[in-house]
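Structure file entry_24.csv with CSV, C-alpha atoms and all ligand atoms:
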```
chain,number,residue,atom,x,y,z
Y,1008,MET,CA,3.0,-30.7,-10.5
Y,1009,PRO,CA,6.4,-31.5,-12.1
Y,1010,GLU,CA,7.4,-35.2,-11.6
Y,1011,GLY,CA,10.1,-36.1,-9.1
Y,1012,THR,CA,9.7,-33.0,-7.0
Y,1013,MET,CA,8.8,-32.6,-3.4
Y,1014,GLN,CA,5.2,-33.5,-2.6
Y,1015,SER,CA,3.4,-31.3,-0.1
Y,1016,PHE,CA,0.4,-32.2,2.1
Y,1017,MET,CA,-1.9,-30.8,-0.6
Y,1018,ASN,CA,-0.8,-29.2,-3.8
Y,1019,TYR,CA,-2.0,-25.6,-4.2
Y,1020,ASP,CA,-4.7,-26.4,-6.7
Y,1021,GLN,CA,-6.3,-28.8,-4.2
Y,1022,ARG,CA,-5.8,-26.4,-1.4
Y,1023,GLU,CA,-7.5,-23.6,-3.3
Y,1024,ASP,CA,-10.4,-25.8,-4.4
Y,1025,ARG,CA,-10.9,-26.7,-0.8
Y,1026,LEU,CA,-10.6,-23.2,0.8
Y,1027,LEU,CA,-11.7,-20.7,-1.8
Y,1028,ALA,CA,-15.3,-19.5,-2.6
Y,1029,PRO,CA,-16.3,-19.9,-6.3
Y,1030,TYR,CA,-15.6,-16.1,-6.8
Y,1031,GLY,CA,-12.0,-16.3,-5.3
Y,1032,LEU,CA,-9.3,-16.4,-8.0
Y,1033,ARG,CA,-7.6,-19.7,-8.3
Y,1034,SER,CA,-3.9,-20.0,-9.4
Y,1035,ARG,CA,-4.9,-22.1,-12.4
Y,1036,GLN,CA,-7.1,-19.1,-13.6
Y,1037,SER,CA,-4.1,-16.8,-13.7
Y,1038,ARG,CA,-3.2,-15.4,-17.1
Y,1039,GLY,CA,0.4,-16.1,-16.3
Y,1040,ARG,CA,3.5,-13.9,-16.7
Y,1041,GLU,CA,5.1,-11.9,-19.5
Y,1042,PHE,CA,8.2,-14.2,-19.5
Y,1043,PRO,CA,7.0,-17.8,-19.2
Y,1044,ASP,CA,8.1,-19.5,-16.0
Y,1045,THR,CA,8.0,-23.2,-15.0
Y,1046,ASP,CA,5.5,-24.0,-12.2
Y,1047,HIS,CA,7.0,-24.2,-8.7
Y,1048,PRO,CA,6.4,-27.6,-7.1
Y,1049,TYR,CA,4.7,-26.3,-3.9
Y,1050,ARG,CA,4.4,-22.5,-4.1
Y,1051,SER,CA,1.5,-21.0,-5.9
Y,1052,PRO,CA,2.1,-18.3,-8.5
Y,1053,PHE,CA,0.7,-15.6,-6.2
Y,1054,GLN,CA,2.8,-16.9,-3.3
Y,1055,ARG,CA,5.8,-16.5,-5.5
Y,1056,ASP,CA,4.8,-13.0,-6.4
Y,1057,ARG,CA,4.5,-12.1,-2.7
Y,1058,ASP,CA,7.9,-13.5,-2.1
Y,1059,ARG,CA,9.5,-11.7,-5.1
Y,1060,ILE,CA,8.1,-8.5,-3.7
Y,1061,ILE,CA,9.2,-9.1,-0.2
Y,1062,HIS,CA,12.7,-10.0,-1.3
Y,1063,SER,CA,13.0,-6.9,-3.6
Y,1064,SER,CA,15.2,-3.9,-2.5
Y,1065,ALA,CA,12.3,-1.5,-3.1
Y,1066,PHE,CA,10.3,-3.3,-0.5
Y,1067,ARG,CA,13.0,-3.2,2.1
Y,1068,ARG,CA,13.4,0.5,1.6
Y,1069,LEU,CA,9.8,1.0,2.9
Y,1070,ALA,CA,11.3,0.6,6.4
Y,1071,ASP,CA,12.9,4.0,6.0
Y,1072,LYS,CA,10.1,5.9,4.2
Y,1073,THR,CA,7.7,8.2,5.9
Y,1074,GLN,CA,4.0,7.4,6.1
Y,1075,VAL,CA,2.8,10.7,7.6
Y,1076,PHE,CA,5.1,11.4,10.5
Y,1077,MET,CA,8.8,11.8,10.4
Y,1078,ASN,CA,11.5,12.4,13.0
Y,1079,LEU,CA,8.8,12.9,15.6
Y,1080,SER,CA,9.1,9.7,17.7
Y,1081,ASP,CA,10.0,6.1,17.5
Y,1082,TYR,CA,6.3,5.1,17.9
Y,1083,HIS,CA,4.7,6.2,14.6
Y,1084,ARG,CA,4.1,4.1,11.5
Y,1085,THR,CA,6.5,3.9,8.6
Y,1086,ARG,CA,5.5,2.9,5.1
Y,1087,LEU,CA,6.6,-0.6,5.9
Y,1088,THR,CA,4.6,-1.1,9.1
Y,1089,HIS,CA,1.6,0.5,7.3
Y,1090,THR,CA,2.0,-2.0,4.5
Y,1091,ILE,CA,2.1,-4.9,7.0
Y,1092,GLU,CA,-1.0,-3.7,8.8
Y,1093,VAL,CA,-2.9,-3.4,5.5
Y,1094,VAL,CA,-1.9,-6.9,4.4
Y,1095,THR,CA,-2.9,-8.4,7.8
Y,1096,ILE,CA,-6.3,-6.7,7.9
Y,1097,ALA,CA,-6.9,-7.6,4.2
Y,1098,ARG,CA,-6.1,-11.3,4.8
Y,1099,THR,CA,-8.6,-11.3,7.7
Y,1100,ILE,CA,-11.4,-10.1,5.4
Y,1101,GLY,CA,-10.2,-12.2,2.5
Y,1102,ARG,CA,-10.3,-15.3,4.6
Y,1103,ALA,CA,-13.8,-14.6,5.9
Y,1104,LEU,CA,-15.0,-14.1,2.3
Y,1105,GLY,CA,-13.2,-17.1,0.8
Y,1106,LEU,CA,-10.8,-15.1,-1.4
Y,1107,ASN,CA,-7.3,-16.0,-2.4
Y,1108,GLU,CA,-5.1,-14.9,0.5
Y,1109,ASP,CA,-1.9,-15.4,-1.5
Y,1110,LEU,CA,-3.1,-13.0,-4.1
Y,1111,ILE,CA,-4.2,-10.5,-1.4
Y,1112,GLU,CA,-0.7,-10.7,0.2
Y,1113,ALA,CA,1.0,-10.1,-3.1
Y,1114,LEU,CA,-1.2,-7.1,-3.9
Y,1115,GLY,CA,-1.0,-5.7,-0.4
Y,1116,HIS,CA,2.8,-5.9,-0.2
Y,1117,LEU,CA,3.0,-4.2,-3.6
Y,1118,HIS,CA,0.5,-1.4,-3.1
Y,1119,ASP,CA,2.8,1.3,-1.6
Y,1120,ILE,CA,6.2,0.1,-3.0
Y,1121,GLY,CA,6.4,3.2,-5.3
Y,1122,HIS,CA,6.3,5.8,-2.5
Y,1123,PRO,CA,9.2,8.4,-2.7
Y,1124,PRO,CA,10.9,9.7,0.4
Y,1125,PHE,CA,9.1,12.1,2.7
Y,1126,GLY,CA,5.6,10.7,2.1
Y,1127,HIS,CA,3.1,12.7,0.0
Y,1128,THR,CA,5.4,15.7,0.1
Y,1129,GLY,CA,7.9,13.8,-2.0
Y,1130,GLU,CA,5.2,12.8,-4.4
Y,1131,ASP,CA,3.9,16.4,-4.7
Y,1132,VAL,CA,7.4,17.8,-5.5
Y,1133,LEU,CA,8.2,15.1,-8.0
Y,1134,LYS,CA,4.8,15.6,-9.7
Y,1135,GLU,CA,5.6,19.3,-10.1
Y,1136,CYS,CA,9.2,18.9,-11.2
Y,1137,MET,CA,8.3,16.1,-13.7
Y,1138,VAL,CA,5.3,17.9,-15.2
Y,1139,ASP,CA,7.0,18.0,-18.7
Y,1140,CYS,CA,8.3,14.4,-18.6
Y,1141,GLY,CA,5.3,12.4,-17.7
Y,1142,GLY,CA,4.7,13.4,-14.1
Y,1143,PHE,CA,5.0,11.2,-11.1
Y,1144,SER,CA,2.5,9.0,-9.1
Y,1145,HIS,CA,3.6,6.5,-6.5
Y,1146,ASN,CA,1.2,3.9,-7.9
Y,1147,ALA,CA,2.6,4.2,-11.4
Y,1148,PHE,CA,6.2,4.3,-10.0
Y,1149,GLY,CA,5.4,1.0,-8.2
Y,1150,LEU,CA,5.0,-0.6,-11.6
Y,1151,ILE,CA,8.2,0.9,-12.9
Y,1152,LEU,CA,10.1,-0.6,-10.0
Y,1153,VAL,CA,8.7,-4.1,-10.4
Y,1154,LYS,CA,8.7,-4.1,-14.2
Y,1155,ASP,CA,12.0,-2.3,-15.0
Y,1156,LEU,CA,14.2,-1.5,-12.0
Y,1157,GLU,CA,14.2,-4.6,-9.8
Y,1158,ILE,CA,16.5,-7.4,-10.9
Y,1159,ARG,CA,16.0,-11.1,-10.2
Y,1160,SER,CA,16.8,-12.8,-13.5
Y,1161,SER,CA,19.7,-13.2,-15.9
Y,1162,GLU,CA,17.3,-12.8,-18.8
Y,1163,TYR,CA,14.9,-9.9,-18.1
Y,1164,ASN,CA,14.4,-6.8,-16.0
Y,1165,GLY,CA,11.8,-6.7,-13.2
Y,1166,LEU,CA,10.2,-9.3,-11.1
Y,1167,ASN,CA,8.0,-10.9,-13.8
Y,1168,LEU,CA,4.9,-10.8,-11.6
Y,1169,THR,CA,1.6,-12.4,-12.8
Y,1170,PHE,CA,-0.8,-10.3,-14.9
Y,1171,GLU,CA,-3.3,-10.3,-12.0
Y,1172,VAL,CA,-0.9,-8.7,-9.6
Y,1173,LEU,CA,0.3,-6.1,-12.1
Y,1174,GLU,CA,-3.3,-5.4,-13.1
Y,1175,GLY,CA,-4.3,-4.9,-9.5
Y,1176,GLN,CA,-1.6,-2.2,-9.3
Y,1177,HIS,CA,-2.8,-0.7,-12.7
Y,1178,THR,CA,-6.3,-0.2,-11.3
Y,1179,ARG,CA,-4.7,1.9,-8.5
Y,1180,VAL,CA,-3.0,4.1,-11.1
Y,1181,ASP,CA,-6.1,4.7,-13.1
Y,1182,LYS,CA,-9.2,4.6,-11.0
Y,1183,ARG,CA,-11.3,5.4,-14.1
Y,1184,GLN,CA,-10.7,1.9,-15.2
Y,1185,MET,CA,-13.0,0.8,-12.4
Y,1186,THR,CA,-16.0,2.2,-14.3
Y,1187,PHE,CA,-16.0,-0.5,-16.9
Y,1188,LEU,CA,-14.2,-3.3,-15.2
Y,1189,ARG,CA,-14.0,-3.7,-11.5
Y,1190,PRO,CA,-10.8,-4.9,-9.9
Y,1191,LEU,CA,-10.7,-8.5,-8.7
Y,1192,LEU,CA,-12.3,-9.0,-5.3
Y,1193,GLU,CA,-8.8,-9.6,-3.9
Y,1194,ALA,CA,-7.7,-6.1,-5.2
Y,1195,GLN,CA,-10.9,-4.5,-3.9
Y,1196,THR,CA,-10.1,-5.9,-0.5
Y,1197,VAL,CA,-6.6,-4.4,-0.4
Y,1198,GLU,CA,-7.9,-1.0,-1.6
Y,1199,THR,CA,-10.6,-0.9,1.1
Y,1200,CYS,CA,-8.2,-2.0,3.8
Y,1201,ASP,CA,-5.6,0.6,2.9
Y,1202,SER,CA,-7.9,3.5,3.9
Y,1203,MET,CA,-9.4,1.9,7.0
Y,1204,THR,CA,-5.8,1.1,8.1
Y,1205,TYR,CA,-4.4,4.6,7.7
Y,1206,ASP,CA,-7.5,6.2,9.2
Y,1207,ALA,CA,-7.0,4.2,12.3
Y,1208,HIS,CA,-3.2,4.4,12.6
Y,1209,ASP,CA,-3.0,8.1,11.7
Y,1210,ALA,CA,-5.5,8.8,14.5
Y,1211,ASP,CA,-3.4,6.6,16.9
Y,1212,ASP,CA,-0.1,8.3,15.9
Y,1213,ALA,CA,-1.6,11.8,16.2
Y,1214,LEU,CA,-3.0,11.1,19.6
Y,1215,LYS,CA,0.3,9.5,20.8
Y,1216,LEU,CA,2.3,12.4,19.5
Y,1217,GLY,CA,0.0,14.9,21.1
Y,1218,LEU,CA,-0.9,16.6,17.8
Y,1219,VAL,CA,-4.6,16.4,18.6
Y,1220,SER,CA,-6.3,15.8,21.9
Y,1221,PHE,CA,-8.6,12.9,22.8
Y,1222,GLU,CA,-11.4,15.4,23.5
Y,1223,ASP,CA,-11.1,16.9,20.0
Y,1224,PHE,CA,-11.3,13.4,18.4
Y,1225,MET,CA,-14.5,12.9,20.4
Y,1226,GLN,CA,-16.2,15.3,17.9
Y,1227,ILE,CA,-16.0,12.6,15.3
Y,1228,PRO,CA,-18.9,10.2,15.5
Y,1229,LEU,CA,-17.0,7.2,14.4
Y,1230,PHE,CA,-14.3,7.8,17.0
Y,1231,ALA,CA,-16.9,8.6,19.7
Y,1232,GLN,CA,-18.8,5.4,18.9
Y,1233,SER,CA,-15.6,3.4,19.4
Y,1234,VAL,CA,-15.0,5.0,22.8
Y,1235,GLU,CA,-18.6,4.2,23.8
Y,1236,ALA,CA,-18.2,0.6,22.7
Y,1237,VAL,CA,-15.0,0.2,24.7
Y,1238,LEU,CA,-16.4,1.8,27.8
Y,1239,GLN,CA,-19.5,-0.4,27.6
Y,1240,ARG,CA,-17.5,-3.5,27.2
Y,1241,TYR,CA,-14.6,-2.9,29.6
Y,1242,GLY,CA,-15.8,-0.2,32.0
Y,1243,LYS,CA,-13.8,3.0,32.8
Y,1244,GLN,CA,-10.5,3.1,31.0
Y,1245,GLU,CA,-7.9,5.9,30.8
Y,1246,GLY,CA,-4.8,7.2,29.1
Y,1247,ARG,CA,-2.7,4.8,27.0
Y,1248,ARG,CA,-4.9,1.8,27.6
Y,1249,LEU,CA,-8.0,3.7,26.5
Y,1250,ARG,CA,-6.3,4.9,23.3
Y,1251,LYS,CA,-5.1,1.4,22.4
Y,1252,LEU,CA,-8.6,-0.1,23.1
Y,1253,VAL,CA,-10.3,2.6,21.0
Y,1254,ILE,CA,-8.0,2.2,18.0
Y,1255,ARG,CA,-8.5,-1.6,18.2
Y,1256,GLN,CA,-12.2,-1.1,18.3
Y,1257,LEU,CA,-12.0,1.4,15.4
Y,1258,ILE,CA,-10.3,-1.2,13.2
Y,1259,SER,CA,-12.4,-4.2,14.2
Y,1260,SER,CA,-15.8,-2.4,13.8
Y,1261,GLN,CA,-14.7,-1.4,10.2
Y,1262,VAL,CA,-13.5,-4.9,9.4
Y,1263,THR,CA,-16.9,-6.3,10.6
Y,1264,ASP,CA,-18.8,-3.7,8.6
Y,1265,VAL,CA,-16.8,-4.5,5.4
Y,1266,THR,CA,-17.1,-8.2,5.8
Y,1267,GLU,CA,-20.9,-8.1,6.5
Y,1268,THR,CA,-21.5,-5.7,3.6
Y,1269,ALA,CA,-19.5,-7.9,1.2
Y,1270,LEU,CA,-21.2,-11.1,2.4
Y,1271,ASP,CA,-24.7,-9.5,1.9
Y,1272,ARG,CA,-23.8,-8.4,-1.6
Y,1273,LEU,CA,-22.3,-11.8,-2.5
Y,1274,ALA,CA,-25.5,-13.5,-1.3
Y,1275,LYS,CA,-27.6,-11.1,-3.3
Y,1276,TRP,CA,-25.6,-11.0,-6.6
Y,1277,ASN,CA,-24.3,-14.5,-6.3
Y,1278,PRO,CA,-21.3,-14.3,-8.6
Y,1279,LYS,CA,-20.2,-17.9,-9.5
Y,1280,THR,CA,-16.8,-17.0,-10.9
Y,1281,PRO,CA,-14.2,-14.2,-10.4
Y,1282,GLU,CA,-15.2,-12.8,-13.8
Y,1283,GLU,CA,-18.8,-12.6,-12.7
Y,1284,ALA,CA,-17.7,-10.8,-9.5
Y,1285,GLU,CA,-15.7,-8.3,-11.6
Y,1286,MET,CA,-18.9,-7.4,-13.6
Y,1287,CYS,CA,-20.9,-6.6,-10.4
Y,1288,ASP,CA,-20.8,-3.2,-8.6
Y,1289,PRO,CA,-18.0,-3.0,-6.0
Y,1290,ILE,CA,-18.4,-5.8,-3.5
Y,1291,VAL,CA,-15.7,-5.4,-0.9
Y,1292,THR,CA,-16.2,-1.8,0.3
Y,1293,VAL,CA,-17.5,-0.2,3.5
Y,1294,SER,CA,-21.3,0.2,3.9
Y,1295,ASP,CA,-22.9,3.5,2.9
Y,1296,SER,CA,-23.3,4.6,6.5
Y,1297,LEU,CA,-19.7,3.8,7.4
Y,1298,ALA,CA,-18.6,5.6,4.2
Y,1299,THR,CA,-20.3,8.8,5.5
Y,1300,GLN,CA,-18.7,8.4,8.9
Y,1301,LYS,CA,-15.3,7.7,7.4
Y,1302,LYS,CA,-15.6,10.9,5.4
Y,1303,HIS,CA,-15.9,12.9,8.6
Y,1304,LEU,CA,-12.9,11.2,10.2
Y,1305,GLU,CA,-10.8,11.7,7.1
Y,1306,GLN,CA,-11.8,15.4,6.8
Y,1307,PHE,CA,-10.8,15.8,10.4
Y,1308,LEU,CA,-7.5,14.0,9.9
Y,1309,PHE,CA,-6.8,16.2,6.9
Y,1310,GLU,CA,-7.5,19.5,8.7
Y,1311,ARG,CA,-6.1,18.7,12.1
Y,1312,VAL,CA,-3.3,16.2,11.5
Y,1313,TYR,CA,-2.0,16.4,7.9
Y,1314,ARG,CA,-2.3,20.2,8.1
Y,1315,HIS,CA,-1.0,20.5,11.6
Y,1316,PRO,CA,1.7,23.3,11.9
Y,1317,ASP,CA,4.4,20.8,12.9
Y,1318,ILE,CA,3.7,18.6,9.9
Y,1319,VAL,CA,3.3,21.6,7.6
Y,1320,ALA,CA,6.7,23.0,8.7
Y,1321,TRP,CA,8.3,19.6,8.1
Y,1322,ARG,CA,6.7,19.3,4.7
Y,1323,LYS,CA,7.9,22.8,3.7
Y,1324,GLN,CA,11.5,21.9,4.6
Y,1325,GLY,CA,11.2,18.6,2.7
Y,1326,GLN,CA,9.7,20.3,-0.4
Y,1327,ASP,CA,12.6,22.9,-0.6
Y,1328,GLN,CA,15.1,20.2,-0.1
Y,1329,LEU,CA,13.7,17.9,-2.8
Y,1330,ARG,CA,13.3,20.7,-5.3
Y,1331,ARG,CA,17.0,21.7,-4.8
Y,1332,MET,CA,18.0,18.0,-5.2
Y,1333,TYR,CA,16.0,17.6,-8.4
Y,1334,GLU,CA,17.6,20.8,-10.0
Y,1335,GLY,CA,21.0,19.7,-8.6
Y,1336,TYR,CA,21.0,16.3,-10.3
Y,1337,LEU,CA,19.9,17.9,-13.6
Y,1338,ARG,CA,22.9,20.1,-13.4
Y,1339,GLN,CA,25.3,17.4,-12.2
Y,1340,PRO,CA,24.0,14.0,-13.5
Y,1341,GLU,CA,27.4,12.5,-12.6
Y,1342,LEU,CA,26.1,12.4,-9.0
Y,1343,ILE,CA,23.5,9.8,-9.9
Y,1344,ARG,CA,24.8,6.5,-8.5
Y,1345,GLY,CA,23.9,2.9,-9.1
Y,1346,LYS,CA,21.7,1.3,-11.7
Y,1347,LEU,CA,19.6,4.4,-12.5
Y,1348,LYS,CA,22.6,5.9,-14.4
Y,1349,ASP,CA,22.0,3.2,-17.1
Y,1350,TRP,CA,18.4,4.5,-17.7
Y,1351,ILE,CA,19.3,8.1,-18.7
Y,1352,ASP,CA,19.6,7.0,-22.3
Y,1353,VAL,CA,16.2,5.3,-22.2
Y,1354,TRP,CA,14.1,7.7,-20.2
Y,1355,GLY,CA,16.1,11.0,-20.6
Y,1356,LEU,CA,17.6,12.9,-17.7
Y,1357,PRO,CA,14.6,14.7,-16.3
Y,1358,ARG,CA,12.6,11.5,-15.8
Y,1359,THR,CA,15.6,9.5,-14.6
Y,1360,VAL,CA,16.4,12.1,-11.9
Y,1361,GLY,CA,12.8,12.0,-10.7
Y,1362,TYR,CA,12.8,8.2,-10.5
Y,1363,TYR,CA,16.3,8.3,-8.8
Y,1364,ILE,CA,14.9,10.5,-6.1
Y,1365,GLY,CA,11.8,8.3,-6.0
Y,1366,THR,CA,13.8,5.2,-5.1
Y,1367,MET,CA,15.6,6.9,-2.1
Y,1368,THR,CA,14.8,6.3,1.5
Y,1369,ASP,CA,14.3,9.3,3.8
Y,1370,SER,CA,17.7,9.0,5.3
Y,1371,TYR,CA,19.6,8.3,2.1
Y,1372,CYS,CA,17.9,11.4,0.6
Y,1373,GLN,CA,18.9,13.4,3.7
Y,1374,ARG,CA,22.5,12.2,3.4
Y,1375,GLU,CA,22.7,13.0,-0.3
Y,1376,PHE,CA,21.2,16.4,0.3
Y,1377,GLU,CA,23.8,17.2,3.0
Y,1378,ALA,CA,26.7,15.8,0.9
Y,1379,HIS,CA,25.9,17.7,-2.4
Y,1380,PHE,CA,23.2,20.3,-2.2
Y,1381,ARG,CA,23.2,22.1,1.1
D,1,MG,MG,-1.2,2.4,1.6
```
Starting from the file, lay out its structure as structure tokens.
Amino acid sequence: MPEGTMQSFMNYDQREDRLLAPYGLRSRQSRGREFPDTDHPYRSPFQRDRDRIIHSSAFRRLADKTQVFMNLSDYHRTRLTHTIEVVTIARTIGRALGLNEDLIEALGHLHDIGHPPFGHTGEDVLKECMVDCGGFSHNAFGLILVKDLEIRSSEYNGLNLTFEVLEGQHTRVDKRQMTFLRPLLEAQTVETCDSMTYDAHDADDALKLGLVSFEDFMQIPLFAQSVEAVLQRYGKQEGRRLRKLVIRQLISSQVTDVTETALDRLAKWNPKTPEEAEMCDPIVTVSDSLATQKKHLEQFLFERVYRHPDIVAWRKQGQDQLRRMYEGYLRQPELIRGKLKDWIDVWGLPRTVGYYIGTMTDSYCQREFEAHFR
């Protein structure tokens, strides 16, 4: 710790030594940052990464980006509330396993930062429009945002995040990397929590919005088991209270499954360092039996929710709109506002236009469409 600076109750090295399991990544094991930075007196490098991400403009824009449902209610999740749910659940598991919660928080807040407006519809359209200039994926675009487009320093572009946080996002971009080197346990935790979070909240939103009936969801064993567990524990329940209790149960049963599965594997394989844990088969995942049940639920969500006529109609409208905007900006690049203009010389126009649209919130995108391309 630098001399003459504020002393905290414990410095972060001491705190991590006391709280982390041997396979949890300590701050002092970080490979550092691209642009060297002095240590902060009382915030760990991963805490600083989390704070840099939360204070970024891309992160704030998640509040106005679609997760799955748009303009249908004021109840459903946005990309921001989804992110917060993922981080919260991942911290619960991370703490139970003795992992580095600061690193989990940084990875979790980062994981969806690259989503374009209009959810996966936006991503599909940009992928198609940008096929000749590198394509588009929200995971890769997350890295562009935090390495190139965000500004926090007088000396460099980007947030200058630690290698571990950037690498966690890299393994999301290229899942094949996982065949020779597994992500850190902290990154595995975020990945696993992402899917269990959206399975549960998409089921909740679909029920609340009346897209699918409770009876139809009862066909899904994982859902039916949650209902059974709720009724056994609390007796007869109905309506809104039943829905809330069932979704809560759906999340908590999955959290328990993942934690127990991971603890079993850790006991069996006994990794003594983060590197040893990276060499093992995946550790923080759902059990084989839950994996099968989750597949049923996800197939059901795909067919009955993501392909619901209301959602499909909305997606179609969004697709047409985004295609027209992409073509429109190519024809009239003078309409590109803000810092993205400066990147045309570096990336070329087609790629810059895609990234410009990628940064937009749903409502900014809507306003730009109304103003210039309707
Ligand atoms: Mg996500």
>> When you look at Y:Leu1214 with a cut-off of 12 Å (counting all atoms listed in the file), what residues show up, excluding the ones that are within fewer than 2 positions of it in the same chain? I need them as JSON, numbers by chain.
In response: {"Y": [1082, 1083, 1207, 1208, 1209, 1210, 1211, 1212, 1216, 1217, 1218, 1219, 1220, 1221, 1222, 1223, 1224, 1225, 1246, 1247, 1249, 1250, 1251, 1253, 1254, 1308, 1311, 1312]}
>> Neighbouring residues of ligand MG 1 (chain D) are defined here as those with any atom at most 10 Å from a ligand atom, counting all atoms listed in the file; list them as an MDAnalysis selection string.
In response: chainID Y and resid 1074 1086:1087 1089:1094 1115:1120 1122 1146 1197:1205
> By how many Å are atom CA of Y:Asp1058 and atom CA of Y:Ala1113 apart?
Replying inline: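 For atom CA of Y:Asp1058 relative to atom CA of Y:Ala1113, the distance reads 7.8 Å.
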>> Just to confirm, what's the straight-line distance from atom CA of Y:Thr1196 to atom CA of Y:Asp1046 in Å (one decimal)?
In response: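 Interatomic distance, atom CA of Y:Thr1196 to atom CA of Y:Asp1046: 26.6 Å.
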> Excluding same-chain residues fewer than 2 positions from Y:Leu1026, what lies within 9 Å of it counting all atoms listed in the file, as an MDAnalysis selection string?
Replying inline: chainID Y and resid 1021:1024 1028 1102 1105:1107
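With only C-alpha atoms as the atoms that count, the minimum distance from Y:Arg1057 to the choices Y:Met1077, Y:Ile1290, Y:Ala1320, Y:Val1153 is reached by Y:Val1153.
With atom CA of Y:Pro1048 on one side and atom CA of Y:Ala1097 on the other, the separation reads 26.5 Å.
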> If you count all atoms listed in the file, which residues fall within 10 Å of stretch 1361-1363 of chain Y, apart from same-chain ones fewer than 2 positions away, as a VMD selection string?
Replying inline: chain Y and resid 1121 1123 1130 1132 to 1134 1136 to 1137 1140 1142 to 1143 1148 1151 to 1152 1156 1329 1332 to 1333 1336 to 1337 1343 to 1348 1350 1354 1356 to 1359 1365 to 1367
